[in-house]
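Engineer: mmCIF, C-alpha atoms, file entry30.cif:
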```cif
data_upload
#
loop_
_atom_site.label_atom_id
_atom_site.label_comp_id
_atom_site.auth_asym_id
_atom_site.auth_seq_id
_atom_site.Cartn_x
_atom_site.Cartn_y
_atom_site.Cartn_z
CA MET A 25 0.00 0.00 0.00
CA GLN A 26 2.97 2.32 0.58
CA GLU A 27 3.88 1.90 -3.07
CA VAL A 28 0.31 2.66 -4.18
CA LEU A 29 0.22 5.84 -2.07
CA LYS A 30 3.53 7.04 -3.52
CA TYR A 31 2.41 6.22 -7.06
CA LEU A 32 -0.87 8.11 -6.67
CA ARG A 33 0.85 11.19 -5.22
CA ALA A 34 3.50 11.12 -7.97
CA ASN A 35 0.66 11.24 -10.49
CA GLY A 36 -1.15 14.23 -9.04
CA TYR A 37 -3.59 12.61 -6.63
CA ARG A 38 -4.09 13.72 -3.04
CA THR A 39 -4.20 10.76 -0.66
CA TYR A 40 -6.15 10.49 2.57
CA ILE A 41 -6.56 8.02 5.38
CA VAL A 42 -10.19 7.37 6.26
CA THR A 43 -10.24 5.16 9.32
CA GLY A 44 -12.62 3.88 11.94
CA GLY A 45 -9.79 4.46 14.41
CA GLY A 46 -9.30 7.62 16.40
CA GLN A 47 -8.53 10.61 14.20
CA ASP A 48 -6.21 12.25 16.76
CA PHE A 49 -4.28 9.01 17.28
CA VAL A 50 -3.75 8.32 13.55
CA ARG A 51 -2.76 11.94 12.89
CA MET A 52 0.18 11.48 15.27
CA TYR A 53 1.95 9.01 12.95
CA ALA A 54 0.30 9.27 9.51
CA ASP A 55 2.80 11.72 8.03
CA GLU A 56 5.89 9.85 9.16
CA VAL A 57 4.59 6.37 8.30
CA TYR A 58 2.42 7.00 5.22
CA GLY A 59 3.40 10.46 3.98
CA ILE A 60 -0.12 11.71 4.71
CA PRO A 61 -0.29 15.01 6.64
CA PRO A 62 -2.63 15.30 9.67
CA GLU A 63 -5.18 17.41 7.80
CA GLN A 64 -5.68 14.52 5.35
CA VAL A 65 -6.71 12.04 8.05
CA VAL A 66 -10.42 11.44 8.62
CA GLY A 67 -11.27 9.23 11.57
CA THR A 68 -13.53 8.75 14.53
CA ALA A 69 -13.59 12.12 16.26
CA SER A 70 -14.53 13.26 19.72
CA GLY A 71 -15.40 16.70 21.02
CA THR A 72 -12.84 19.39 21.77
CA LYS A 73 -13.32 22.39 24.03
CA TYR A 74 -11.45 25.68 23.89
CA GLY A 75 -10.37 27.21 27.20
CA TYR A 76 -7.78 29.31 29.00
CA THR A 77 -5.20 28.59 31.69
CA LYS A 78 -5.05 30.74 34.81
CA ASN A 79 -2.42 32.81 32.97
CA GLY A 80 -4.78 33.42 30.05
CA LYS A 81 -3.01 31.05 27.63
CA PRO A 82 -5.48 29.27 25.31
CA PHE A 83 -5.63 25.47 25.19
CA LEU A 84 -7.81 22.66 23.87
CA THR A 85 -9.29 19.87 25.97
CA LYS A 86 -10.64 16.59 24.61
CA GLU A 87 -14.19 15.87 25.69
CA PRO A 88 -15.89 12.49 26.10
CA LYS A 89 -18.39 13.33 23.36
CA LEU A 90 -18.51 11.42 20.06
CA LEU A 91 -18.72 13.74 17.05
CA LEU A 92 -18.16 11.22 14.26
CA ASN A 93 -18.07 7.43 14.30
CA ASP A 94 -16.01 7.01 11.13
CA ASN A 95 -16.98 3.44 10.40
CA ASN A 96 -19.63 1.92 8.13
CA ALA A 97 -21.94 4.78 6.97
CA GLY A 98 -19.81 7.18 9.01
CA LYS A 99 -16.99 6.87 6.46
CA PRO A 100 -18.78 8.60 3.56
CA GLU A 101 -20.27 11.05 6.06
CA GLY A 102 -16.76 11.85 7.32
CA ILE A 103 -15.42 12.15 3.78
CA TYR A 104 -18.15 14.65 2.94
CA LEU A 105 -17.72 16.57 6.18
CA MET A 106 -13.91 16.75 6.23
CA ILE A 107 -12.90 16.58 2.56
CA GLY A 108 -15.98 17.77 0.68
CA ARG A 109 -15.31 15.67 -2.41
CA ARG A 110 -16.25 12.18 -3.48
CA PRO A 111 -13.13 10.01 -3.94
CA TYR A 112 -12.05 8.72 -7.33
CA ALA A 113 -10.51 5.68 -5.67
CA ALA A 114 -11.02 4.02 -2.31
CA PHE A 115 -9.27 1.09 -0.69
CA GLY A 116 -10.61 -0.91 2.22
CA ASN A 117 -9.95 -4.10 4.11
CA SER A 118 -13.05 -4.79 6.18
CA THR A 119 -16.82 -4.79 6.30
CA GLY A 120 -16.65 -1.29 7.84
CA ASP A 121 -15.45 0.02 4.45
CA ARG A 122 -18.48 -1.12 2.41
CA GLN A 123 -20.35 2.20 2.41
CA MET A 124 -17.18 4.15 1.55
CA LEU A 125 -16.65 1.94 -1.51
CA GLU A 126 -20.32 2.24 -2.52
CA TYR A 127 -20.12 6.04 -2.18
CA THR A 128 -16.93 6.19 -4.24
CA LYS A 129 -18.33 4.05 -7.07
CA ALA A 130 -21.59 6.05 -7.16
CA GLY A 131 -19.75 9.09 -8.50
CA ALA A 132 -19.76 10.10 -12.15
CA GLY A 133 -16.98 8.84 -14.40
CA GLU A 134 -14.46 6.14 -13.78
CA ARG A 135 -14.05 5.20 -10.10
CA LEU A 136 -11.93 2.53 -8.45
CA ALA A 137 -12.96 0.45 -5.43
CA MET A 138 -10.51 -2.08 -4.04
CA LEU A 139 -10.50 -4.38 -1.02
CA VAL A 140 -7.41 -5.96 0.48
CA LEU A 141 -8.20 -9.48 1.66
CA HIS A 142 -5.93 -10.37 4.59
CA ASP A 143 -5.58 -14.07 3.77
CA ASP A 144 -1.90 -14.74 4.41
CA ALA A 145 -1.49 -16.07 7.94
CA GLN A 146 2.11 -17.08 7.21
CA ARG A 147 3.48 -13.65 6.22
CA GLU A 148 0.99 -11.29 7.86
CA TYR A 149 -2.47 -12.11 9.22
CA ALA A 150 -5.65 -13.80 8.03
CA TYR A 151 -9.21 -12.87 8.89
CA GLY A 152 -12.63 -13.36 7.38
CA PRO A 153 -15.01 -15.08 7.64
CA ALA A 154 -15.07 -14.65 3.83
CA LEU A 155 -13.81 -17.68 1.90
CA GLY A 156 -13.66 -19.71 5.11
CA LEU A 157 -10.99 -17.53 6.72
CA PRO A 158 -11.07 -17.30 10.51
CA ALA A 159 -13.53 -14.90 12.08
CA THR A 160 -11.54 -12.75 14.50
CA ARG A 161 -12.04 -9.76 16.77
CA VAL A 162 -9.21 -7.91 15.01
CA GLY A 163 -11.00 -7.46 11.71
CA THR A 164 -14.07 -8.61 9.82
CA PHE A 165 -14.24 -9.29 6.10
CA SER A 166 -17.64 -10.92 5.64
CA GLN A 167 -18.68 -13.26 2.87
CA ALA A 168 -21.45 -10.77 2.04
CA LEU A 169 -18.81 -8.06 1.46
CA TYR A 170 -16.78 -10.40 -0.74
CA ASP A 171 -19.88 -11.34 -2.75
CA GLN A 172 -20.88 -7.68 -3.16
CA ALA A 173 -17.37 -6.80 -4.32
CA LYS A 174 -17.46 -9.50 -6.99
CA ARG A 175 -20.99 -8.57 -8.06
CA GLU A 176 -20.23 -4.84 -8.34
CA GLY A 177 -16.82 -5.13 -9.98
CA TRP A 178 -14.72 -4.04 -7.04
CA VAL A 179 -11.19 -5.38 -7.13
CA VAL A 180 -10.39 -7.84 -4.33
CA ILE A 181 -6.65 -8.14 -3.72
CA SER A 182 -5.44 -11.32 -2.07
CA MET A 183 -2.36 -10.71 0.06
CA LYS A 184 -1.48 -14.38 -0.32
CA SER A 185 -1.85 -14.62 -4.09
CA ASP A 186 -1.36 -11.08 -5.38
CA TRP A 187 1.47 -9.66 -3.24
CA LYS A 188 5.00 -10.93 -3.79
CA ARG A 189 6.20 -8.97 -0.78
CA ILE A 190 4.22 -7.66 2.20
CA PHE A 191 6.91 -6.00 4.33
CA THR A 192 9.94 -4.03 3.14
CA PHE A 193 12.29 -6.29 5.09
CA GLU A 194 11.19 -9.36 3.11
CA PRO A 195 13.46 -10.56 0.28
#
```
Would it be possible to restate this file's structure as structure tokens?

Structural biologist:
Amino acid sequence: MQEVLKYLRANGYRTYIVTGGGQDFVRMYADEVYGIPPEQVVGTASGTKYGYTKNGKPFLTKEPKLLLNDNNAGKPEGIYLMIGRRPYAAFGNSTGDRQMLEYTKAGAGERLAMLVLHDDAQREYAYGPALGLPATRVGTFSQALYDQAKREGWVVISMKSDWKRIFTFEP
């Protein structure tokens, strides 16, 4: 995926991370790890309150209030709210990405929807339950998502069959 991100940016595309994980957490490492600046990360977001110290210095405080659950239907909602444009390409790896891929493909013109199937327990990790892969608490890639992808022409990438190398340290 690192290579795909670099390729897209080299060809004039702006890349984003749209994650069900915490937006503030992912923003801390996204630039260093993926080359994606904090303002191009859309994730689950909580409330923030503006205030002042006793000395009058302004500060922000995180609040225990959910603003955006950026998973399932929250992904296209977050894309609209934070980016304001429908993607030309979207990549996912779980059932929580279904609506983002549907939203992407519903746009005018050519659109690309791809799913990475984590099916290589030897080199990385395997989860399903699509195609009989183990159902885990780490991720969910349902058979219904797999079937929808095939029916709607989304590209399903098998880590086991389609990737020669998963990590940079592999030969």

Engineer: Could you list, as a PyMOL selection string, every residue within 9 Å of Phe191 in chain A, counting all atoms listed in the file and ignoring same-chain residues fewer than 4 positions away?

Structural biologist: chain A and resi 147-148+195

Engineer: Please tell me which residues are no farther than 10 Å from (-7.9, 6.0, -10.7) in the file, counting all atoms listed in the file, and write them as a VMD selection string.

Structural biologist: chain A and resid 32 37 111 to 114 134 to 137

Engineer: Once 6 Å is added on each side, what are the centre and the three edge lengths, in Å to one decimal, of the axis-aligned box enclosing the listed atoms of range 56-64 of chain A? Present them as JSON.

Structural biologist:
```
{"center_x": 0.1, "center_y": 11.9, "center_z": 6.8, "size_x": 23.6, "size_y": 23.0, "size_z": 17.7}
```

Engineer: May I have the residues within 12 Å of Leu141 in chain A as a PyMOL selection string, using all atoms listed in the file and disregarding those fewer than 6 positions away in the same chain?

Structural biologist: chain A and resi 115-119+148-155+157+163-167+169-170+173+179-187

Engineer: When distances are computed from all atoms listed in the file, which of A:Tyr74, A:Trp178, A:Ala159, A:Leu92 shows the smallest separation from Leu105 in chain A?

Structural biologist: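 Of all the options, A:Leu92 lies closest to Leu105 in chain A.
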
Engineer: Could you pull the residues within 12 Å of Val65 in chain A, counting all atoms listed in the file, minus those fewer than 5 positions along the same chain, as a ChimeraX atom specification?

Structural biologist: /A:38-55,58-60,94,99,102-103,106-107

Engineer: On this structure, the PyMOL selection byres ((chain A and resi 88) around 9) would catch which residues? List them as a ChimeraX atom specification, sorted by chain and number.

Structural biologist: /A:70-72,86-87,89-90

Engineer: Please measure the separation of CA of Met138 in chain A and CA of Leu125 in chain A, giving the value in Å to one decimal.

Structural biologist: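 According to the coordinates, CA of Met138 in chain A and CA of Leu125 in chain A are separated by 7.8 Å.
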
Engineer: Of the residues A:Gly177, A:Arg110, A:Gln26, A:Ala69, which is the one nearest to Gly131 in chain A, using all atoms listed in the file?

Structural biologist: A:Arg110

Engineer: Just how far from CA of Lys129 in chain A is CA of Leu91 in chain A, in Å to one decimal?

Structural biologist: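 The value is 26.0 Å.
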
Engineer: Just checking: using all atoms listed in the file, which residue out of A:Leu29, A:Met124, A:Ile190, A:Ala168 ends up closest to Asp144 in chain A?

Structural biologist: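 Of the candidates, the smallest distance to Asp144 in chain A is held by A:Ile190.
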
Engineer: One decimal, in Å: what's the spacing between CA of Asp143 in chain A and CA of Thr160 in chain A?

Structural biologist: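 We find that CA of Asp143 in chain A and CA of Thr160 in chain A lie 12.3 Å from each other.
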
Engineer: With N, CA, C and O atoms as the goal, would you fill in the gaps in range 62-79 of chain A and present it as an mmCIF file, in the frame of the given file?

Structural biologist:
```cif
data_model
loop_
_atom_site.group_PDB
_atom_site.id
_atom_site.type_symbol
_atom_site.label_atom_id
_atom_site.label_comp_id
_atom_site.auth_asym_id
_atom_site.auth_seq_id
_atom_site.Cartn_x
_atom_site.Cartn_y
_atom_site.Cartn_z
ATOM 1 N N PRO A 62 -1.496 15.418 8.735
ATOM 2 C CA PRO A 62 -2.630 15.300 9.670
ATOM 3 C C PRO A 62 -3.957 15.806 9.112
ATOM 4 O O PRO A 62 -5.011 15.228 9.393
ATOM 5 N N GLU A 63 -3.920 16.861 8.319
ATOM 6 C CA GLU A 63 -5.180 17.410 7.800
ATOM 7 C C GLU A 63 -5.813 16.523 6.736
ATOM 8 O O GLU A 63 -6.932 16.782 6.284
ATOM 9 N N GLN A 64 -5.129 15.463 6.318
ATOM 10 C CA GLN A 64 -5.680 14.520 5.350
ATOM 11 C C GLN A 64 -6.008 13.178 6.006
ATOM 12 O O GLN A 64 -6.043 12.142 5.349
ATOM 13 N N VAL A 65 -6.265 13.220 7.301
ATOM 14 C CA VAL A 65 -6.710 12.040 8.050
ATOM 15 C C VAL A 65 -8.129 12.290 8.528
ATOM 16 O O VAL A 65 -8.402 13.293 9.187
ATOM 17 N N VAL A 66 -9.026 11.388 8.172
ATOM 18 C CA VAL A 66 -10.420 11.440 8.620
ATOM 19 C C VAL A 66 -10.638 10.184 9.456
ATOM 20 O O VAL A 66 -10.422 9.077 8.981
ATOM 21 N N GLY A 67 -11.038 10.374 10.700
ATOM 22 C CA GLY A 67 -11.270 9.230 11.570
ATOM 23 C C GLY A 67 -12.345 9.530 12.587
ATOM 24 O O GLY A 67 -12.959 10.593 12.585
ATOM 25 N N THR A 68 -12.564 8.566 13.452
ATOM 26 C CA THR A 68 -13.530 8.750 14.530
ATOM 27 C C THR A 68 -13.062 9.923 15.376
ATOM 28 O O THR A 68 -11.904 9.990 15.774
ATOM 29 N N ALA A 69 -13.971 10.872 15.602
ATOM 30 C CA ALA A 69 -13.590 12.120 16.260
ATOM 31 C C ALA A 69 -14.467 12.386 17.483
ATOM 32 O O ALA A 69 -15.676 12.168 17.448
ATOM 33 N N SER A 70 -13.806 12.871 18.514
ATOM 34 C CA SER A 70 -14.530 13.260 19.720
ATOM 35 C C SER A 70 -14.527 14.776 19.844
ATOM 36 O O SER A 70 -13.868 15.477 19.081
ATOM 37 N N GLY A 71 -15.274 15.258 20.818
ATOM 38 C CA GLY A 71 -15.400 16.700 21.020
ATOM 39 C C GLY A 71 -14.120 17.323 21.537
ATOM 40 O O GLY A 71 -13.274 16.657 22.137
ATOM 41 N N THR A 72 -13.970 18.600 21.292
ATOM 42 C CA THR A 72 -12.840 19.390 21.770
ATOM 43 C C THR A 72 -13.384 20.701 22.293
ATOM 44 O O THR A 72 -14.275 21.300 21.681
ATOM 45 N N LYS A 73 -12.863 21.144 23.421
ATOM 46 C CA LYS A 73 -13.320 22.390 24.030
ATOM 47 C C LYS A 73 -12.162 23.366 24.136
ATOM 48 O O LYS A 73 -11.056 22.985 24.526
ATOM 49 N N TYR A 74 -12.431 24.608 23.800
ATOM 50 C CA TYR A 74 -11.450 25.680 23.890
ATOM 51 C C TYR A 74 -11.548 26.314 25.264
ATOM 52 O O TYR A 74 -12.637 26.572 25.771
ATOM 53 N N GLY A 75 -10.370 26.571 25.885
ATOM 54 C CA GLY A 75 -10.370 27.210 27.200
ATOM 55 C C GLY A 75 -9.087 27.977 27.430
ATOM 56 O O GLY A 75 -8.247 28.100 26.525
ATOM 57 N N TYR A 76 -8.947 28.509 28.640
ATOM 58 C CA TYR A 76 -7.780 29.310 29.000
ATOM 59 C C TYR A 76 -7.185 28.804 30.315
ATOM 60 O O TYR A 76 -7.918 28.386 31.218
ATOM 61 N N THR A 77 -5.862 28.874 30.423
ATOM 62 C CA THR A 77 -5.200 28.590 31.690
ATOM 63 C C THR A 77 -5.409 29.778 32.622
ATOM 64 O O THR A 77 -5.936 30.820 32.215
ATOM 65 N N LYS A 78 -4.946 29.639 33.847
ATOM 66 C CA LYS A 78 -5.050 30.740 34.810
ATOM 67 C C LYS A 78 -4.265 31.963 34.349
ATOM 68 O O LYS A 78 -4.581 33.089 34.702
ATOM 69 N N ASN A 79 -3.242 31.721 33.512
ATOM 70 C CA ASN A 79 -2.420 32.810 32.970
ATOM 71 C C ASN A 79 -3.014 33.418 31.701
ATOM 72 O O ASN A 79 -2.427 34.316 31.120
#
```
